[in-house]
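query_15.txt follows (compact mmCIF, C-alpha atoms):
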# COMPACT_ATOMS: atom_id res chain seq x y z
CA MET A 1 -24.96 -4.68 4.58
CA LEU A 2 -22.20 -4.29 2.04
CA ARG A 3 -18.92 -5.67 3.38
CA ILE A 4 -15.72 -4.40 1.76
CA LEU A 5 -12.47 -6.01 2.83
CA THR A 6 -8.94 -4.78 2.08
CA PHE A 7 -5.63 -6.58 2.54
CA ASN A 8 -2.00 -6.15 1.55
CA ALA A 9 -0.99 -9.73 0.80
CA ASN A 10 2.75 -9.10 0.28
CA GLY A 11 2.52 -11.87 -2.29
CA ILE A 12 -0.93 -13.29 -2.97
CA ARG A 13 0.33 -16.83 -3.55
CA SER A 14 2.21 -16.74 -0.25
CA ALA A 15 -0.86 -15.44 1.60
CA ALA A 16 -2.99 -18.17 0.03
CA LYS A 17 -0.59 -20.84 1.30
CA LYS A 18 -0.90 -19.32 4.77
CA GLY A 19 -4.68 -19.75 4.72
CA PHE A 20 -5.92 -16.31 3.70
CA PHE A 21 -8.57 -17.52 1.26
CA ASP A 22 -9.77 -20.20 3.67
CA TRP A 23 -10.36 -17.44 6.20
CA PHE A 24 -11.82 -15.10 3.58
CA ALA A 25 -14.42 -17.70 2.55
CA ARG A 26 -15.99 -17.35 6.02
CA GLN A 27 -16.18 -13.53 6.00
CA ASN A 28 -19.23 -12.99 3.79
CA ALA A 29 -17.48 -10.11 2.02
CA ASP A 30 -19.00 -8.59 -1.10
CA VAL A 31 -15.82 -6.94 -2.37
CA LEU A 32 -12.20 -7.87 -1.70
CA CYS A 33 -9.39 -5.43 -2.49
CA VAL A 34 -5.84 -6.78 -2.40
CA GLN A 35 -2.54 -4.99 -2.80
CA GLU A 36 0.94 -6.35 -3.50
CA LEU A 37 -0.10 -9.32 -5.56
CA LYS A 38 3.54 -9.77 -6.60
CA ALA A 39 2.36 -11.85 -9.55
CA GLN A 40 1.25 -11.51 -13.15
CA GLU A 41 -2.38 -12.41 -13.78
CA ALA A 42 -1.33 -15.42 -15.85
CA ASP A 43 0.75 -16.68 -12.93
CA LEU A 44 -2.14 -16.67 -10.46
CA PRO A 45 -3.48 -20.13 -9.67
CA GLU A 46 -6.89 -20.77 -11.18
CA GLU A 47 -8.53 -21.03 -7.74
CA ILE A 48 -7.31 -17.51 -6.94
CA ARG A 49 -7.91 -15.86 -10.31
CA ARG A 50 -11.40 -17.34 -10.48
CA LEU A 51 -12.31 -17.27 -6.81
CA PRO A 52 -15.59 -19.21 -6.44
CA GLY A 53 -18.56 -16.83 -6.43
CA TYR A 54 -16.48 -13.79 -7.42
CA GLN A 55 -15.22 -12.00 -10.48
CA GLY A 56 -11.60 -10.91 -10.29
CA PHE A 57 -9.92 -7.92 -11.92
CA PHE A 58 -6.19 -7.23 -11.80
CA HIS A 59 -3.63 -4.51 -12.46
CA CYS A 60 -0.18 -6.05 -12.54
CA ALA A 61 3.18 -4.33 -12.71
CA LYS A 62 5.32 -4.60 -15.81
CA LYS A 63 8.11 -5.74 -13.52
CA LYS A 64 7.53 -9.35 -12.50
CA GLY A 65 7.10 -10.14 -8.82
CA TYR A 66 6.43 -6.49 -7.94
CA SER A 67 3.45 -4.52 -6.65
CA GLY A 68 0.10 -5.30 -8.31
CA CYS A 69 -3.53 -4.84 -7.22
CA GLY A 70 -6.60 -7.03 -7.40
CA LEU A 71 -10.33 -6.53 -6.84
CA TRP A 72 -12.74 -9.45 -6.47
CA THR A 73 -16.49 -8.87 -6.34
CA ARG A 74 -19.55 -11.10 -6.07
CA ILE A 75 -21.68 -8.20 -7.39
CA ALA A 76 -21.32 -7.65 -11.14
CA PRO A 77 -19.79 -4.20 -11.77
CA GLN A 78 -21.05 -1.89 -14.52
CA ALA A 79 -17.50 -0.85 -15.41
CA VAL A 80 -13.93 -1.68 -14.40
CA ARG A 81 -10.77 0.32 -15.02
CA THR A 82 -7.16 -0.57 -14.34
CA GLY A 83 -4.72 2.27 -13.90
CA TRP A 84 -5.64 5.89 -13.28
CA GLY A 85 -3.98 7.49 -16.28
CA ASP A 86 -0.47 8.12 -14.98
CA GLU A 87 2.20 6.50 -17.13
CA GLU A 88 4.84 6.21 -14.42
CA PHE A 89 2.69 4.62 -11.74
CA ASP A 90 0.34 2.66 -13.98
CA ALA A 91 3.42 0.71 -15.08
CA GLU A 92 3.76 -0.38 -11.43
CA GLY A 93 0.28 -1.94 -11.19
CA ARG A 94 -1.22 0.21 -8.44
CA TYR A 95 -4.92 0.74 -9.24
CA VAL A 96 -8.16 -1.15 -9.95
CA GLU A 97 -11.51 0.69 -10.00
CA ALA A 98 -14.99 -0.83 -10.23
CA ASP A 99 -18.36 0.94 -10.54
CA PHE A 100 -21.54 -0.33 -8.87
CA GLY A 101 -24.28 2.15 -9.70
CA ARG A 102 -23.25 5.45 -8.10
CA LEU A 103 -20.62 3.72 -5.94
CA THR A 104 -17.02 3.27 -7.03
CA VAL A 105 -14.71 0.91 -5.14
CA ILE A 106 -10.95 1.22 -5.66
CA SER A 107 -8.07 -1.06 -4.73
CA ALA A 108 -4.92 1.06 -4.62
CA TYR A 109 -1.33 0.55 -3.53
CA PHE A 110 0.57 3.73 -2.73
CA PRO A 111 4.36 3.67 -3.14
CA SER A 112 6.63 3.15 -0.16
CA GLY A 113 9.56 5.50 0.27
CA SER A 114 11.42 3.51 2.88
CA SER A 115 13.98 1.84 0.61
CA SER A 116 15.72 4.92 -0.76
CA GLU A 117 15.58 8.68 -1.32
CA GLU A 118 14.70 7.94 -4.94
CA ARG A 119 11.61 5.97 -3.93
CA GLN A 120 10.62 8.65 -1.42
CA ALA A 121 10.75 11.18 -4.25
CA ALA A 122 8.57 8.84 -6.32
CA LYS A 123 6.13 8.61 -3.42
CA TYR A 124 5.84 12.39 -3.32
CA ARG A 125 5.23 12.47 -7.09
CA PHE A 126 2.47 9.91 -6.67
CA LEU A 127 0.77 11.88 -3.90
CA GLU A 128 0.98 15.13 -5.86
CA ARG A 129 -0.63 13.58 -8.95
CA PHE A 130 -3.13 11.33 -7.17
CA ALA A 131 -4.85 14.07 -5.16
CA PRO A 132 -6.39 15.74 -8.25
CA HIS A 133 -7.63 12.33 -9.40
CA LEU A 134 -9.40 11.77 -6.08
CA LEU A 135 -10.84 15.28 -6.24
CA SER A 136 -12.21 14.65 -9.74
CA LEU A 137 -13.90 11.44 -8.58
CA LYS A 138 -15.57 13.25 -5.71
CA GLU A 139 -16.59 16.23 -7.82
CA ALA A 140 -18.18 13.91 -10.37
CA GLY A 141 -20.83 13.19 -7.73
CA ARG A 142 -19.88 9.58 -7.19
CA GLU A 143 -19.65 7.89 -3.81
CA VAL A 144 -16.22 6.29 -3.54
CA VAL A 145 -14.53 3.82 -1.20
CA LEU A 146 -10.79 3.71 -1.75
CA CYS A 147 -9.22 0.65 -0.15
CA GLY A 148 -5.53 0.20 0.11
CA ASP A 149 -2.10 0.36 1.60
CA VAL A 150 -1.44 4.10 1.73
CA ASN A 151 1.97 3.64 3.37
CA ILE A 152 1.30 6.61 5.68
CA ALA A 153 0.32 6.59 9.35
CA HIS A 154 -1.80 9.69 9.84
CA ARG A 155 -1.58 10.56 13.53
CA GLU A 156 0.40 9.61 16.62
CA ILE A 157 -2.33 7.12 17.57
CA ASP A 158 -1.67 5.26 14.32
CA LEU A 159 1.75 3.85 15.19
CA LYS A 160 3.34 2.57 18.36
CA ASN A 161 6.70 4.34 18.27
CA TRP A 162 5.70 7.70 16.81
CA LYS A 163 8.46 9.71 18.48
CA GLY A 164 11.11 7.50 16.95
CA ASN A 165 9.58 7.73 13.48
CA LEU A 166 9.12 11.46 13.02
CA ASP A 167 11.87 11.50 10.41
CA HIS A 168 11.05 8.13 8.80
CA SER A 169 9.13 7.47 5.60
CA GLY A 170 5.50 6.76 6.39
CA PHE A 171 5.28 9.34 9.17
CA LEU A 172 6.99 12.36 7.61
CA PRO A 173 5.27 15.74 8.06
CA GLU A 174 4.74 16.15 4.31
CA GLU A 175 3.05 12.75 4.05
CA ARG A 176 0.79 13.34 7.02
CA ALA A 177 -0.09 16.80 5.70
CA TRP A 178 -1.24 15.16 2.46
CA LEU A 179 -3.76 13.13 4.46
CA ASP A 180 -4.76 16.26 6.39
CA ARG A 181 -5.63 17.96 3.10
CA LEU A 182 -7.50 14.89 1.90
CA PHE A 183 -9.67 14.87 5.02
CA ASP A 184 -9.92 18.55 5.95
CA ASP A 185 -9.95 20.26 2.56
CA MET A 186 -11.34 17.60 0.21
CA GLY A 187 -13.83 16.03 2.62
CA TRP A 188 -12.71 12.40 2.47
CA VAL A 189 -13.23 10.25 5.58
CA ASP A 190 -10.95 7.75 7.33
CA VAL A 191 -13.75 5.25 7.88
CA PHE A 192 -11.98 2.94 10.31
CA ARG A 193 -10.91 5.77 12.58
CA ARG A 194 -14.38 7.31 12.57
CA LEU A 195 -15.82 4.03 13.87
CA ASP A 196 -12.94 2.89 16.08
CA PRO A 197 -11.10 5.55 18.12
CA ARG A 198 -9.05 3.08 20.15
CA PRO A 199 -5.24 3.17 20.25
CA GLU A 200 -2.97 0.29 19.30
CA ARG A 201 -5.12 -0.76 16.33
CA TYR A 202 -2.54 -1.52 13.65
CA THR A 203 -2.48 -3.19 10.23
CA TRP A 204 1.26 -3.63 9.62
CA TRP A 205 4.19 -4.85 11.70
CA SER A 206 7.87 -5.07 10.87
CA GLN A 207 9.22 -8.58 10.38
CA ARG A 208 12.01 -7.72 12.83
CA GLY A 209 12.27 -7.90 16.60
CA GLN A 210 8.98 -9.67 17.39
CA ALA A 211 7.13 -6.50 16.42
CA ARG A 212 3.87 -8.32 15.78
CA ALA A 213 3.99 -10.32 19.01
CA LYS A 214 4.61 -7.09 20.91
CA ASN A 215 2.07 -5.15 18.78
CA VAL A 216 4.65 -2.56 17.76
CA GLY A 217 2.78 -1.68 14.60
CA TRP A 218 1.52 0.94 12.18
CA ARG A 219 -1.96 1.57 10.77
CA ILE A 220 -1.20 2.22 7.11
CA ASP A 221 -4.07 0.31 5.45
CA TYR A 222 -7.28 2.28 5.00
CA GLU A 223 -10.77 2.51 3.66
CA LEU A 224 -11.05 6.16 2.61
CA ALA A 225 -14.53 7.23 1.58
CA THR A 226 -16.55 10.16 0.34
CA PRO A 227 -18.93 11.57 2.99
CA GLY A 228 -22.17 9.97 1.78
CA ILE A 229 -21.00 6.37 1.85
CA ALA A 230 -18.83 7.02 4.93
CA ALA A 231 -21.96 8.05 6.84
CA LEU A 232 -23.40 4.60 6.13
CA ALA A 233 -20.47 2.72 7.68
CA ARG A 234 -21.71 0.70 10.63
CA ALA A 235 -18.96 -1.70 11.75
CA THR A 236 -15.28 -2.34 11.19
CA ASP A 237 -12.46 -4.53 12.39
CA ILE A 238 -8.86 -5.55 11.80
CA TYR A 239 -8.14 -9.27 11.86
CA ALA A 240 -4.71 -9.98 13.29
CA ALA A 241 -5.26 -13.34 15.00
CA GLU A 242 -3.69 -15.19 12.09
CA LYS A 243 -0.66 -14.08 10.09
CA PHE A 244 -1.31 -14.15 6.36
CA SER A 245 1.33 -11.50 5.60
CA ASP A 246 3.08 -8.67 7.43
CA HIS A 247 -0.25 -6.80 7.08
CA ALA A 248 -3.64 -7.67 8.58
CA PRO A 249 -6.96 -7.60 6.69
CA LEU A 250 -9.36 -4.75 7.48
CA TRP A 251 -13.08 -4.72 6.71
CA VAL A 252 -15.97 -2.26 6.91
CA ASP A 253 -19.73 -2.91 6.73
CA TYR A 254 -21.80 -0.23 4.97
CA ASP A 255 -25.58 0.01 5.32
CA VAL A 256 -26.21 -0.03 1.60
CA THR A 257 -27.55 -2.51 -0.92
CA LEU A 258 -26.16 -2.69 -4.45

Encoded form (structure tokens):
Amino acid sequence: MLRILTFNANGIRSAAKKGFFDWFARQNADVLCVQELKAQEADLPEEIRRLPGYQGFFHCAKKKGYSGCGLWTRIAPQAVRTGWGDEEFDAEGRYVEADFGRLTVISAYFPSGSSSEERQAAKYRFLERFAPHLLSLKEAGREVVLCGDVNIAHREIDLKNWKGNLDHSGFLPEERAWLDRLFDDMGWVDVFRRLDPRPERYTWWSQRGQARAKNVGWRIDYELATPGIAALARATDIYAAEKFSDHAPLWVDYDVTL
């Protein structure tokens, strides 16, 4: 089995202090995708940058303490790319891509629009430009697993208070329609939801009002895959028993050997 694990750390150094890497060491994961590093590569502690048994690759934002993605792998990749060719969003450190034979694994951090109308407009620009990139990857004949914080809950089952969030960023009709097109028109697969149809399975909780204790959450972290590799997914889970950040790690096992 190939285990791919994704996690929004909301500060990788903070998550490390809360025990994330101690937990991760017991998970037997082959690839780890992390979003919101909130650090420059040079600022990462040596034990994180050079995680024992893994190679690490990073795409950091020009702005210090902001965004950033990482991908650690214990399988040597044939090629690694940081950024996806968009000047505006590559400056924000949102994309790491690694090739393993015909499989590409991506760690991506989609913008949030919750802080302002300006950032919501940026989120829409990102979605508009990113869809053709995903289409080109699929049309190139590669199998792809995109891991990341998409900052969109797709359906009513994917957040606790859906009625109260119909006009909030992360559950807006235009955002959800983008995922509809990704799945229905472009053929990508929401791997977790294919394997686990249960309600109240969330990956993010507000820091306010005991949301996590009450499980008032959102599922906004995904493994999105092309059909071939998605069909080989065998098991998945979200680990929320410990709090490493306001997000929980999510993993998927694929019946494939690299």

>> Here is a test: counting only C-alpha atoms, which residue of A:Tyr66, A:Trp23, A:Trp178, A:Tyr222 is nearest to Ser107 of chain A?
In response: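 Nearest to Ser107 of chain A: A:Tyr222.
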
>> Under the rule that all atoms listed in the file are counted, which of A:Cys60, A:Ile157, A:Ala233, A:Leu37 is the nearest residue to Arg198 of chain A?
In response: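 Nearest to Arg198 of chain A: A:Ile157.
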
> Which residue out of A:Leu159, A:Arg176, A:Arg50, A:Phe192 has the minimum interatomic distance to Ala211 of chain A when only C-alpha atoms are used?
Replying inline: A:Leu159

>> When you count only C-alpha atoms, which of these residues is closest to Arg102 of chain A: A:Lys138, A:Arg219, A:Arg74, A:His154?
In response: A:Lys138

>> Need to verify the contact set: Gln207 of chain A, 10 Å, all atoms listed in the file, exclusion of same-chain residues closer than 4 positions in sequence. Can you return it as a list in words?
In response: Ala211, Arg212, Ser245 and Asp246 of chain A

Can you tell me, as a PDB file with C-alpha atoms, in the coordinates of the input, what residues are no more than 8 Å from Trp251 of chain A when counting all atoms listed in the file, ignoring any on the same chain fewer than 5 positions away?
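Result file part.pdb:
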ATOM      1  CA  ARG A   3     -18.920  -5.670   3.380  1.00  0.00           C
ATOM      2  CA  ILE A   4     -15.720  -4.400   1.760  1.00  0.00           C
ATOM      3  CA  LEU A   5     -12.470  -6.010   2.830  1.00  0.00           C
ATOM      4  CA  THR A   6      -8.940  -4.780   2.080  1.00  0.00           C
ATOM      5  CA  THR A 236     -15.280  -2.340  11.190  1.00  0.00           C
ATOM      6  CA  ASP A 237     -12.460  -4.530  12.390  1.00  0.00           C
ATOM      7  CA  ILE A 238      -8.860  -5.550  11.800  1.00  0.00           C
TER       8      ILE A 238
END

Mind dumping a table of every segment 46-109 of chain A residue within 8 Å of segment 29-33 of chain A, with the nearest atom pair and its distance in Å to one decimal, using all atoms listed in the file, sorted by chain and rising number, as JSON lines?
{"residue": "A:Cys69", "atom": "CA", "partner": "A:Cys33", "partner_atom": "CA", "distance": 7.6}
{"residue": "A:Gly70", "atom": "CA", "partner": "A:Cys33", "partner_atom": "CA", "distance": 5.9}
{"residue": "A:Leu71", "atom": "CA", "partner": "A:Cys33", "partner_atom": "CA", "distance": 4.6}
{"residue": "A:Trp72", "atom": "CA", "partner": "A:Leu32", "partner_atom": "CA", "distance": 5.1}
{"residue": "A:Thr73", "atom": "CA", "partner": "A:Val31", "partner_atom": "CA", "distance": 4.5}
{"residue": "A:Arg74", "atom": "CA", "partner": "A:Asp30", "partner_atom": "CA", "distance": 5.6}
{"residue": "A:Ile75", "atom": "CA", "partner": "A:Asp30", "partner_atom": "CA", "distance": 6.8}
{"residue": "A:Ile106", "atom": "CA", "partner": "A:Cys33", "partner_atom": "CA", "distance": 7.5}
{"residue": "A:Ser107", "atom": "CA", "partner": "A:Cys33", "partner_atom": "CA", "distance": 5.1}

Using all atoms listed in the file, which protein or nucleic acid residues come within 12 Å of Leu224 of chain A? Drop anything in the same chain fewer than 4 positions from it, and give the result as an mmCIF file with C-alpha atoms, in the coordinates of the input.
data_model
loop_
_atom_site.group_PDB
_atom_site.id
_atom_site.type_symbol
_atom_site.label_atom_id
_atom_site.label_comp_id
_atom_site.auth_asym_id
_atom_site.auth_seq_id
_atom_site.Cartn_x
_atom_site.Cartn_y
_atom_site.Cartn_z
ATOM 1 C CA ILE A 4 -15.720 -4.400 1.760
ATOM 2 C CA THR A 6 -8.940 -4.780 2.080
ATOM 3 C CA THR A 104 -17.020 3.270 -7.030
ATOM 4 C CA VAL A 105 -14.710 0.910 -5.140
ATOM 5 C CA ILE A 106 -10.950 1.220 -5.660
ATOM 6 C CA SER A 107 -8.070 -1.060 -4.730
ATOM 7 C CA ALA A 108 -4.920 1.060 -4.620
ATOM 8 C CA LEU A 134 -9.400 11.770 -6.080
ATOM 9 C CA LYS A 138 -15.570 13.250 -5.710
ATOM 10 C CA GLU A 143 -19.650 7.890 -3.810
ATOM 11 C CA VAL A 144 -16.220 6.290 -3.540
ATOM 12 C CA VAL A 145 -14.530 3.820 -1.200
ATOM 13 C CA LEU A 146 -10.790 3.710 -1.750
ATOM 14 C CA CYS A 147 -9.220 0.650 -0.150
ATOM 15 C CA GLY A 148 -5.530 0.200 0.110
ATOM 16 C CA ASP A 149 -2.100 0.360 1.600
ATOM 17 C CA VAL A 150 -1.440 4.100 1.730
ATOM 18 C CA LEU A 179 -3.760 13.130 4.460
ATOM 19 C CA LEU A 182 -7.500 14.890 1.900
ATOM 20 C CA PHE A 183 -9.670 14.870 5.020
ATOM 21 C CA MET A 186 -11.340 17.600 0.210
ATOM 22 C CA GLY A 187 -13.830 16.030 2.620
ATOM 23 C CA TRP A 188 -12.710 12.400 2.470
ATOM 24 C CA VAL A 189 -13.230 10.250 5.580
ATOM 25 C CA ASP A 190 -10.950 7.750 7.330
ATOM 26 C CA VAL A 191 -13.750 5.250 7.880
ATOM 27 C CA PHE A 192 -11.980 2.940 10.310
ATOM 28 C CA ARG A 193 -10.910 5.770 12.580
ATOM 29 C CA ARG A 194 -14.380 7.310 12.570
ATOM 30 C CA ILE A 220 -1.200 2.220 7.110
ATOM 31 C CA GLY A 228 -22.170 9.970 1.780
ATOM 32 C CA ILE A 229 -21.000 6.370 1.850
ATOM 33 C CA ALA A 230 -18.830 7.020 4.930
ATOM 34 C CA ALA A 231 -21.960 8.050 6.840
ATOM 35 C CA ALA A 233 -20.470 2.720 7.680
ATOM 36 C CA TRP A 251 -13.080 -4.720 6.710
ATOM 37 C CA VAL A 252 -15.970 -2.260 6.910
#

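For the choices A:Asp185, A:Lys243, A:Pro173, A:Phe20, the atom-to-atom distance to Thr203 of chain A is smallest for A:Lys243 when using only C-alpha atoms.
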
>> As an exercise, work out the distance from atom CA of Arg155 of chain A to atom CA of Ser112 of chain A in Å and give it to one decimal place.
In response: 17.6 Å

>> Counting all atoms listed in the file, which residue out of A:Arg181, A:Lys214, A:His133, A:Lys64 sits closest to Asp43 of chain A?
In response: A:Lys64

Output as lines of an AutoDock Vina configuration file the centre and edge lengths (Å, one decimal) of the box along x, y and z of the file that holds every listed atom of segment 83-101 of chain A after adding 5 Å on each side.
center_x = -9.7
center_y = 3.1
center_z = -12.8
size_x = 39.1
size_y = 20.1
size_z = 18.7

> So how far away is atom CA of Ser115 of chain A from atom CA of Trp218 of chain A, in Å?
Replying inline: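 So the two atoms, atom CA of Trp218 of chain A and atom CA of Ser115 of chain A, lie 17.0 Å apart.
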
>> Taking 2 positions as the minimum chain separation for residues in the same chain, which residues sit within 9 Å of Glu92 of chain A when counting only C-alpha atoms? Answer as a list of chain:residue names.
In response: A:His59, A:Cys60, A:Ala61, A:Lys62, A:Lys63, A:Tyr66, A:Ser67, A:Gly68, A:Glu88, A:Phe89, A:Asp90, A:Arg94

> Which distance in Å separates atom CA of Leu51 of chain A and atom CA of His247 of chain A, to one decimal?
Replying inline: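 Between these atoms lies a distance of 21.2 Å.
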
> What's the 8 Å shell around Gly101 of chain A, counting all atoms listed in the file, without same-chain residues fewer than 2 positions away, as an MDAnalysis selection string?
Replying inline: chainID A and resid 78 99 103:104 258

Output requested as a short mmCIF file (atom, residue, chain, number, x, y, z; two decimals), keeping the file's coordinate frame - segment 166-175 of chain A, filled out with all heavy atoms.
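selection.cif was written with the following content:
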data_model
loop_
_atom_site.label_atom_id
_atom_site.label_comp_id
_atom_site.auth_asym_id
_atom_site.auth_seq_id
_atom_site.Cartn_x
_atom_site.Cartn_y
_atom_site.Cartn_z
N LEU A 166 9.46 10.14 13.56
CA LEU A 166 9.12 11.46 13.02
C LEU A 166 9.90 11.82 11.76
O LEU A 166 9.44 12.63 10.95
CB LEU A 166 9.35 12.54 14.09
CG LEU A 166 8.35 12.52 15.25
CD1 LEU A 166 8.83 13.42 16.39
CD2 LEU A 166 6.97 12.98 14.77
N ASP A 167 11.07 11.21 11.60
CA ASP A 167 11.87 11.50 10.41
C ASP A 167 12.00 10.27 9.50
O ASP A 167 12.93 10.16 8.71
CB ASP A 167 13.26 12.00 10.79
CG ASP A 167 14.04 11.02 11.66
OD1 ASP A 167 13.45 10.01 12.09
OD2 ASP A 167 15.23 11.28 11.91
N HIS A 168 11.04 9.33 9.62
CA HIS A 168 11.05 8.13 8.80
C HIS A 168 9.90 8.16 7.79
O HIS A 168 8.81 8.65 8.09
CB HIS A 168 10.92 6.87 9.67
CG HIS A 168 12.17 6.54 10.43
ND1 HIS A 168 12.67 7.33 11.45
CD2 HIS A 168 13.02 5.49 10.31
CE1 HIS A 168 13.77 6.77 11.93
NE2 HIS A 168 14.01 5.66 11.27
N SER A 169 10.17 7.59 6.61
CA SER A 169 9.13 7.47 5.60
C SER A 169 7.91 6.76 6.17
O SER A 169 8.03 5.76 6.88
CB SER A 169 9.65 6.68 4.40
OG SER A 169 8.65 6.57 3.40
N GLY A 170 6.74 7.30 5.86
CA GLY A 170 5.50 6.76 6.39
C GLY A 170 4.92 7.60 7.52
O GLY A 170 3.73 7.50 7.81
N PHE A 171 5.77 8.45 8.11
CA PHE A 171 5.28 9.34 9.17
C PHE A 171 5.92 10.73 9.04
O PHE A 171 6.01 11.47 10.00
CB PHE A 171 5.55 8.75 10.54
CG PHE A 171 4.69 9.32 11.65
CD1 PHE A 171 3.31 9.25 11.59
CD2 PHE A 171 5.27 9.93 12.76
CE1 PHE A 171 2.52 9.78 12.61
CE2 PHE A 171 4.49 10.46 13.78
CZ PHE A 171 3.10 10.38 13.70
N LEU A 172 6.37 11.06 7.85
CA LEU A 172 6.99 12.36 7.61
C LEU A 172 5.92 13.45 7.59
O LEU A 172 4.78 13.21 7.19
CB LEU A 172 7.75 12.35 6.29
CG LEU A 172 8.96 11.41 6.23
CD1 LEU A 172 9.50 11.34 4.80
CD2 LEU A 172 10.06 11.88 7.19
N PRO A 173 6.26 14.65 8.02
CA PRO A 173 5.27 15.74 8.06
C PRO A 173 4.58 15.97 6.72
O PRO A 173 3.36 16.22 6.68
CB PRO A 173 6.09 16.95 8.48
CG PRO A 173 7.27 16.39 9.22
CD PRO A 173 7.56 15.08 8.56
N GLU A 174 5.33 15.90 5.63
CA GLU A 174 4.74 16.15 4.31
C GLU A 174 3.71 15.08 3.94
O GLU A 174 2.69 15.39 3.33
CB GLU A 174 5.83 16.20 3.24
CG GLU A 174 6.85 17.31 3.43
CD GLU A 174 8.03 16.91 4.31
OE1 GLU A 174 7.94 15.86 5.01
OE2 GLU A 174 9.04 17.64 4.30
N GLU A 175 3.98 13.83 4.34
CA GLU A 175 3.05 12.75 4.05
C GLU A 175 1.78 12.89 4.88
O GLU A 175 0.66 12.75 4.37
CB GLU A 175 3.72 11.41 4.36
CG GLU A 175 4.94 11.12 3.51
CD GLU A 175 5.71 9.90 4.00
OE1 GLU A 175 5.64 9.59 5.21
OE2 GLU A 175 6.38 9.26 3.18
#
